[in-house]
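Raw contents of structure11.cif, mmCIF, C-alpha atoms and all ligand atoms:
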```cif
data_input
#
loop_
_atom_site.label_atom_id
_atom_site.label_comp_id
_atom_site.auth_asym_id
_atom_site.auth_seq_id
_atom_site.Cartn_x
_atom_site.Cartn_y
_atom_site.Cartn_z
CA MET A 1 -34.02 108.03 -62.68
CA ALA A 2 -34.10 104.47 -61.33
CA ARG A 3 -37.10 103.16 -63.19
CA PRO A 4 -35.87 102.93 -66.81
CA ARG A 5 -32.58 101.39 -65.66
CA TYR A 6 -34.41 98.60 -63.81
CA THR A 7 -37.14 97.83 -66.34
CA ALA A 8 -34.63 97.47 -69.14
CA LEU A 9 -33.26 94.44 -67.28
CA LEU A 10 -36.48 93.05 -65.96
CA MET A 11 -38.53 90.04 -66.92
CA ILE A 12 -39.77 88.23 -63.82
CA VAL A 13 -38.45 88.65 -60.28
CA THR A 14 -39.45 85.88 -57.86
CA ILE A 15 -39.66 86.45 -54.10
CA ASP A 16 -40.44 83.26 -52.19
CA GLY A 17 -40.26 82.53 -48.48
CA VAL A 18 -41.90 81.17 -45.36
CA ALA A 19 -45.15 82.49 -43.89
CA ALA A 20 -45.06 86.14 -42.75
CA SER A 21 -41.44 86.59 -43.81
CA GLY A 22 -42.36 89.84 -45.60
CA LYS A 23 -43.01 88.54 -49.11
CA SER A 24 -46.00 90.67 -50.02
CA SER A 25 -44.76 93.92 -48.40
CA VAL A 26 -41.31 93.49 -49.93
CA SER A 27 -42.71 92.50 -53.34
CA SER A 28 -44.96 95.53 -53.34
CA GLY A 29 -42.02 97.83 -52.53
CA VAL A 30 -39.78 96.25 -55.17
CA ALA A 31 -42.55 96.30 -57.77
CA GLN A 32 -43.31 99.97 -57.11
CA ALA A 33 -39.62 100.86 -57.47
CA LEU A 34 -39.50 98.95 -60.73
CA GLY A 35 -42.80 100.35 -61.99
CA VAL A 36 -44.32 96.89 -62.55
CA PRO A 37 -47.13 94.92 -60.86
CA TYR A 38 -46.54 92.25 -58.26
CA VAL A 39 -48.37 88.96 -58.19
CA SER A 40 -49.37 87.34 -54.91
CA SER A 41 -49.83 83.62 -55.57
CA GLY A 42 -50.88 82.94 -51.97
CA LEU A 43 -54.04 84.98 -52.49
CA LEU A 44 -55.30 82.42 -55.02
CA TYR A 45 -54.75 79.56 -52.54
CA ARG A 46 -56.49 81.69 -49.93
CA ALA A 47 -59.42 82.38 -52.28
CA ALA A 48 -59.88 78.66 -53.01
CA THR A 49 -59.84 78.04 -49.25
CA LEU A 50 -62.32 80.80 -48.42
CA LEU A 51 -64.78 79.63 -51.07
CA GLY A 52 -64.42 76.00 -49.96
CA LEU A 53 -65.11 77.00 -46.35
CA GLU A 54 -68.09 79.15 -47.31
CA ALA A 55 -69.55 76.26 -49.31
CA ASP A 56 -68.92 73.92 -46.36
CA LEU A 57 -66.77 71.61 -48.47
CA ASP A 58 -64.22 69.12 -47.15
CA LEU A 59 -61.00 71.03 -47.94
CA ARG A 60 -59.21 67.75 -48.72
CA GLY A 61 -61.56 67.04 -51.63
CA ALA A 62 -60.16 68.37 -54.91
CA PRO A 63 -63.06 67.44 -57.24
CA ASP A 64 -65.69 69.44 -55.32
CA LEU A 65 -63.34 72.41 -54.91
CA LEU A 66 -62.42 72.42 -58.59
CA ASN A 67 -66.09 72.19 -59.57
CA LEU A 68 -66.81 75.20 -57.39
CA LEU A 69 -63.91 77.21 -58.82
CA GLY A 70 -64.91 76.22 -62.37
CA ALA A 71 -68.52 77.28 -61.85
CA HIS A 72 -67.62 80.64 -60.30
CA PRO A 73 -64.22 81.71 -61.69
CA VAL A 74 -61.79 83.65 -59.54
CA ARG A 75 -59.55 86.36 -60.97
CA LEU A 76 -56.35 87.81 -59.54
CA GLU A 77 -55.81 91.51 -60.24
CA PRO A 78 -52.07 92.20 -59.85
CA LEU A 79 -51.27 95.83 -59.04
CA ALA A 80 -48.02 97.31 -57.74
CA GLY A 81 -49.62 98.66 -54.55
CA GLY A 82 -51.63 95.57 -53.61
CA ASN A 83 -53.38 92.65 -55.28
CA ARG A 84 -57.11 92.09 -55.35
CA VAL A 85 -59.02 88.89 -55.94
CA TRP A 86 -62.41 88.87 -57.60
CA GLN A 87 -65.15 86.33 -58.04
CA GLY A 88 -67.42 87.96 -60.57
CA GLU A 89 -68.38 91.31 -59.05
CA ARG A 90 -67.43 90.22 -55.50
CA ASP A 91 -64.11 91.48 -54.16
CA LEU A 92 -62.84 88.63 -51.95
CA THR A 93 -59.61 90.36 -50.90
CA ASP A 94 -60.55 91.62 -47.45
CA ASP A 95 -61.80 88.16 -46.40
CA LEU A 96 -58.62 86.29 -47.34
CA HIS A 97 -56.47 87.00 -44.27
CA SER A 98 -58.65 85.62 -41.49
CA THR A 99 -57.31 83.08 -39.00
CA ARG A 100 -59.86 80.57 -40.38
CA VAL A 101 -58.36 80.86 -43.87
CA ASP A 102 -54.80 80.81 -42.42
CA ARG A 103 -55.60 77.49 -40.75
CA GLY A 104 -57.20 75.80 -43.79
CA VAL A 105 -55.05 77.04 -46.63
CA SER A 106 -52.15 74.57 -46.42
CA VAL A 107 -54.54 71.64 -46.81
CA VAL A 108 -55.97 73.18 -49.98
CA ALA A 109 -52.47 74.10 -51.26
CA ALA A 110 -51.41 70.45 -50.94
CA LEU A 111 -53.91 69.40 -53.63
CA PRO A 112 -52.12 68.99 -56.99
CA GLU A 113 -55.30 69.98 -58.88
CA VAL A 114 -55.50 73.27 -56.98
CA ARG A 115 -51.80 73.92 -57.61
CA GLU A 116 -52.39 73.42 -61.34
CA TRP A 117 -55.36 75.83 -61.17
CA VAL A 118 -53.14 78.50 -59.55
CA ASP A 119 -50.10 77.90 -61.77
CA ALA A 120 -52.14 78.19 -64.98
CA GLN A 121 -53.45 81.60 -63.92
CA LEU A 122 -49.98 82.86 -62.99
CA ARG A 123 -48.33 81.67 -66.20
CA ALA A 124 -51.00 83.46 -68.25
CA LEU A 125 -50.06 86.87 -66.82
CA PRO A 126 -48.19 89.32 -69.05
CA GLU A 127 -44.55 90.03 -68.05
CA PRO A 128 -42.83 91.83 -66.45
CA PHE A 129 -43.86 91.41 -62.81
CA VAL A 130 -42.64 90.48 -59.36
CA ALA A 131 -44.11 87.11 -58.26
CA GLU A 132 -44.25 86.11 -54.61
CA GLY A 133 -45.15 82.86 -52.88
CA ARG A 134 -43.46 79.55 -52.10
CA ASP A 135 -42.60 77.97 -55.44
CA MET A 136 -42.36 80.92 -57.83
CA GLY A 137 -38.61 80.43 -58.39
CA THR A 138 -38.66 76.63 -58.39
CA ASN A 139 -41.82 75.39 -60.06
CA VAL A 140 -43.79 78.21 -61.68
CA PHE A 141 -41.10 80.49 -63.12
CA PRO A 142 -37.88 78.42 -62.95
CA HIS A 143 -36.34 80.52 -65.75
CA ALA A 144 -36.79 83.83 -63.92
CA PRO A 145 -33.46 85.67 -64.01
CA HIS A 146 -33.78 87.19 -60.51
CA LYS A 147 -34.79 85.03 -57.51
CA PHE A 148 -34.95 85.80 -53.80
CA TYR A 149 -36.00 83.82 -50.73
CA LEU A 150 -37.01 85.48 -47.44
CA THR A 151 -36.63 83.93 -44.01
CA ALA A 152 -36.82 85.08 -40.37
CA SER A 153 -37.25 83.26 -37.08
CA ALA A 154 -40.78 82.11 -36.22
CA ARG A 155 -40.82 84.46 -33.22
CA ILE A 156 -39.95 87.55 -35.24
CA ARG A 157 -42.51 86.65 -37.89
CA ALA A 158 -45.16 86.08 -35.21
CA GLU A 159 -44.39 89.44 -33.60
CA ARG A 160 -44.83 91.14 -36.97
CA ARG A 161 -48.05 89.29 -37.79
CA ALA A 162 -49.49 89.96 -34.34
CA ARG A 163 -50.00 93.53 -35.51
CA GLU A 164 -52.48 92.20 -38.10
CA ARG A 165 -54.30 89.39 -36.21
CA PRO A 166 -56.35 89.29 -32.99
CA GLU A 167 -54.38 86.33 -31.49
CA ASP A 168 -51.35 86.74 -29.22
CA VAL A 169 -47.75 86.14 -30.31
CA PRO A 170 -47.36 82.54 -28.98
CA ALA A 171 -50.61 81.41 -30.68
CA ILE A 172 -49.57 83.03 -33.97
CA GLU A 173 -46.07 81.55 -33.70
CA ALA A 174 -47.54 78.05 -33.22
CA ASP A 175 -49.83 78.53 -36.25
CA LEU A 176 -46.92 79.80 -38.39
CA GLN A 177 -44.76 76.82 -37.43
CA ARG A 178 -47.59 74.41 -38.21
CA ARG A 179 -48.12 76.06 -41.59
CA ASP A 180 -44.35 76.07 -42.37
CA GLU A 181 -44.37 72.33 -41.73
CA LEU A 182 -47.42 71.66 -43.91
CA ASP A 183 -45.91 73.86 -46.67
CA THR A 184 -42.46 72.23 -46.58
CA VAL A 185 -42.84 70.36 -49.88
CA GLN A 186 -43.39 73.48 -52.02
CA SER A 187 -41.23 75.84 -49.93
CA ALA A 188 -37.64 74.88 -50.78
CA PRO A 189 -35.56 77.85 -51.99
CA ALA A 190 -34.49 77.70 -55.62
CA PRO A 191 -30.79 76.77 -55.84
CA ASP A 192 -30.16 80.06 -57.65
CA ALA A 193 -32.12 82.24 -55.19
CA LEU A 194 -30.44 84.73 -52.87
CA VAL A 195 -31.61 83.83 -49.34
CA ILE A 196 -32.22 86.92 -47.16
CA ASP A 197 -32.68 86.72 -43.40
CA THR A 198 -35.10 89.60 -42.85
CA GLY A 199 -34.82 89.38 -39.04
CA PRO A 200 -32.18 92.10 -38.64
CA LEU A 201 -33.56 94.29 -41.45
CA ASP A 202 -36.47 96.67 -41.62
CA LEU A 203 -38.82 96.56 -44.59
CA GLN A 204 -36.92 99.17 -46.59
CA GLY A 205 -33.66 97.35 -45.82
CA VAL A 206 -34.99 94.18 -47.45
CA ILE A 207 -36.36 96.08 -50.44
CA ASP A 208 -33.01 97.85 -50.93
CA THR A 209 -31.08 94.58 -50.66
CA ILE A 210 -33.14 93.22 -53.55
CA LEU A 211 -33.05 96.38 -55.66
CA THR A 212 -29.26 96.51 -55.33
CA ARG A 213 -29.10 93.06 -56.95
CA LEU A 214 -31.27 94.18 -59.87
CA HIS A 215 -28.92 96.88 -61.09
N1 LIG B 301 -38.23 93.45 -42.55
C1 LIG B 301 -39.34 93.75 -41.88
N2 LIG B 301 -39.26 94.44 -40.76
C2 LIG B 301 -40.36 94.73 -40.05
N3 LIG B 301 -41.61 94.35 -40.39
C3 LIG B 301 -41.76 93.67 -41.52
C4 LIG B 301 -40.63 93.33 -42.33
N4 LIG B 301 -41.09 92.63 -43.38
C5 LIG B 301 -42.43 92.55 -43.23
N5 LIG B 301 -42.84 93.17 -42.12
C6 LIG B 301 -44.20 93.23 -41.60
O1 LIG B 301 -44.53 91.89 -41.27
C7 LIG B 301 -45.88 91.61 -41.59
C8 LIG B 301 -45.93 90.40 -42.52
O2 LIG B 301 -45.40 90.79 -43.77
P1 LIG B 301 -46.04 90.29 -45.13
O3 LIG B 301 -45.47 91.12 -46.21
O4 LIG B 301 -47.53 90.18 -45.02
O5 LIG B 301 -45.40 88.81 -45.20
P2 LIG B 301 -45.81 87.57 -46.10
O6 LIG B 301 -46.35 88.09 -47.39
O7 LIG B 301 -44.52 86.81 -46.26
O8 LIG B 301 -46.82 86.83 -45.31
C9 LIG B 301 -46.45 92.89 -42.18
O9 LIG B 301 -47.09 93.59 -41.14
C10 LIG B 301 -45.23 93.65 -42.64
O10 LIG B 301 -45.42 95.05 -42.61
N1 LIG B 302 -46.76 79.74 -54.17
C1 LIG B 302 -47.48 79.44 -53.11
C2 LIG B 302 -48.10 80.44 -52.34
C3 LIG B 302 -48.86 80.08 -51.26
N2 LIG B 302 -49.04 78.76 -50.97
C4 LIG B 302 -49.95 78.34 -49.92
O1 LIG B 302 -50.81 79.40 -49.58
C5 LIG B 302 -50.70 79.73 -48.20
C6 LIG B 302 -50.89 81.21 -48.00
O2 LIG B 302 -49.81 81.86 -48.63
P1 LIG B 302 -49.51 83.38 -48.35
O3 LIG B 302 -48.27 83.70 -49.09
O4 LIG B 302 -50.73 84.18 -48.63
O5 LIG B 302 -49.30 83.32 -46.79
P2 LIG B 302 -48.38 84.20 -45.88
O6 LIG B 302 -46.99 83.73 -46.11
O7 LIG B 302 -48.62 85.62 -46.37
O8 LIG B 302 -48.88 83.98 -44.51
C7 LIG B 302 -49.36 79.13 -47.75
O9 LIG B 302 -49.35 78.81 -46.38
C8 LIG B 302 -49.25 77.90 -48.64
O10 LIG B 302 -49.99 76.83 -48.11
C9 LIG B 302 -48.40 77.80 -51.71
O11 LIG B 302 -48.54 76.62 -51.42
N3 LIG B 302 -47.65 78.14 -52.78
#
```

Write the structure described by the file as structure tokens, please.
Ligand SMILES: Nc1ncnc2c1ncn2[C@@H]1O[C@H](COP(=O)(O)OP(=O)(O)O)[C@@H](O)[C@H]1O
Ligand SMILES: Nc1ccn([C@@H]2O[C@H](COP(=O)(O)OP(=O)(O)O)[C@@H](O)[C@H]2O)c(=O)n1
Amino acid sequence: MARPRYTALLMIVTIDGVAASGKSSVSSGVAQALGVPYVSSGLLYRAATLLGLEADLDLRGAPDLLNLLGAHPVRLEPLAGGNRVWQGERDLTDDLHSTRVDRGVSVVAALPEVREWVDAQLRALPEPFVAEGRDMGTNVFPHAPHKFYLTASARIRAERRARERPEDVPAIEADLQRRDELDTVQSAPAPDALVIDTGPLDLQGVIDTILTRLH
């Protein structure tokens, strides 16, 4: 029985990486094997972006965004199978992966006030869990005992994401590269993270690589 053996060791596992490298799918698989929830930090940045766009705010303006988020609080529901994001009774989740949100989110994520808003919510969550994003292993949970960082070429990531977006592969690849560049500051791998090139691996291969390290 794998589950008790893993959970005995587990506090927080961090899985960071570039856009569309497999973070959420891999985190979900690892979390399900461990019997714990996973936490998708990117969904909170996406929620702030969606709400800013819907309110027609300038996404570079932290005070207005923070006022909006303060007036109508957003809540992340971390589950092993998939996270959901709520604003009151409204489930925002299905609106968070549009191309419009993809294109605005890095601007919002560059605002220190928004980063503090996200980090405070993540640090308040009860352990254990698998946390995925860009800076889980460096900034938010630097003391996590198990850290991983996923990469793959922009082309491979674009081909994977093209199955989930209406745009063609070259357009998605250009958007991913633009977002990688805008996200550079918060996207450095932790020095103690195992870097995994997911290009040659299928999803289960990446999940197994991580689980093997958690024995
Ligand atoms: N190793 C892999 N091999 C094949 N497809 C993958 C692999 N990892 C992820 N995918 C697929 O790539 C897409 C992007 O993965 P996702 O988990 O959403 O990445 P991220 O959370 O980093 O944006 C999804 O369709 C997912 O099923
Ligand atoms: N820990 C994190 C997670 C996401 N982000 C930001 O949020 C955006 C969306 O993150 P995501 O993980 O949902 O995006 P994908 O990698 O799934 O495309 C990223 O492009 C970053 O701008 C961040 O800055 N820090």

(request) Dump the neighbourhood of ligand LIG 301 (chain B) as a ChimeraX atom specification: all residues within 9 Å, distances computed on all atoms listed in the file. (result) /A:16-28,40,42,132-133,150-152,156-164,197-207

(request) Could you give me, as a ChimeraX atom specification, the residues that have an atom at most 10 Å away from the point (-57.6, 87.2, -47.7) in the coordinates of the file, using all atoms listed in the file? (result) /A:42-47,49-50,84-85,92-99,101-102

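The coordinates place CA of Arg75 in chain A at 8.0 Å from CA of Gly88 in chain A.
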
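Across A:Pro166, A:Pro142, A:Gly104, A:Pro191, the tightest approach to ligand LIG 302 (chain B) is made by A:Gly104 when counting all atoms listed in the file.
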
If I wrap all listed atoms of ligand LIG 302 (chain B) in a box with edges along x, y and z and add 3 Å on each side, what are its centre and edge lengths in Å to one decimal, as lines of an AutoDock Vina configuration file?
```
center_x = -48.8
center_y = 81.1
center_z = -49.3
size_x = 10.1
size_y = 15.0
size_z = 15.7
```

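Take the candidates A:Pro112, A:Pro145, A:Pro126, A:Pro170 and check each one against Val185 in chain A using only C-alpha atoms; the shortest distance goes to A:Pro112.
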
Give me the residues near Leu79 in chain A as a CSV table (one decimal) with C-alpha atoms, keeping the file's coordinate frame, where near means some atom within 12 Å (using all atoms listed in the file) and where sequence neighbours in that chain fewer than 6 positions away do not count.
```
chain,number,residue,atom,x,y,z
A,24,SER,CA,-46.0,90.7,-50.0
A,27,SER,CA,-42.7,92.5,-53.3
A,28,SER,CA,-45.0,95.5,-53.3
A,29,GLY,CA,-42.0,97.8,-52.5
A,31,ALA,CA,-42.6,96.3,-57.8
A,32,GLN,CA,-43.3,100.0,-57.1
A,35,GLY,CA,-42.8,100.4,-62.0
A,36,VAL,CA,-44.3,96.9,-62.6
A,37,PRO,CA,-47.1,94.9,-60.9
A,38,TYR,CA,-46.5,92.2,-58.3
A,39,VAL,CA,-48.4,89.0,-58.2
A,40,SER,CA,-49.4,87.3,-54.9
A,85,VAL,CA,-59.0,88.9,-55.9
A,125,LEU,CA,-50.1,86.9,-66.8
A,128,PRO,CA,-42.8,91.8,-66.4
A,129,PHE,CA,-43.9,91.4,-62.8
A,130,VAL,CA,-42.6,90.5,-59.4
A,131,ALA,CA,-44.1,87.1,-58.3
```

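The nearest approach to ligand LIG 302 (chain B) among the residues A:Glu54, A:Glu77, A:Glu181, A:Asp208, with all atoms listed in the file taken into account, belongs to A:Glu181.
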
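Picture a line from CA of Asp180 in chain A to CA of Phe148 in chain A; it runs 17.7 Å.
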
(request) Show me as a PyMOL selection string the residues that reach within 6 Å of (-41.4, 77.4, -47.8), counting all atoms listed in the file and using the file's own coordinates. (result) chain A and resi 17-18+134+183-184+187-188

(request) Kindly give the distance, in Å, that separates CA of Ser106 in chain A and atom C6 of ligand LIG 302 (chain B), rounded to a single decimal. (result) 6.9 Å

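Proximity to ligand LIG 302 (chain B) was assessed for A:His143, A:Arg179, A:Arg155, A:Arg213 counting all atoms listed in the file; the smallest distance is recorded for A:Arg179.
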
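The closest residue to ligand LIG 302 (chain B), picked from A:Met136, A:Ile15, A:Ala71, A:Ala48 and counting only C-alpha atoms and all ligand atoms, is A:Met136.
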
Could you build a table of the residues in range 86-123 of chain A lying no more than 9 Å from range 64-68 of chain A, giving for each the nearest pair of atoms and their separation in Å rounded to one decimal place, using all atoms listed in the file, ordered by chain and ascending residue number, as CSV?
```
residue,atom,partner,partner_atom,distance
A:Val108,CA,A:Leu65,CA,8.9
A:Glu113,CA,A:Leu66,CA,7.5
A:Val114,CA,A:Leu66,CA,7.2
A:Trp117,CA,A:Leu66,CA,8.3
```

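Comparing A:Glu127, A:Glu173, A:Asp168, A:Asp58 by their smallest distance to ligand LIG 302 (chain B), the closest is A:Glu173 (using all atoms listed in the file).
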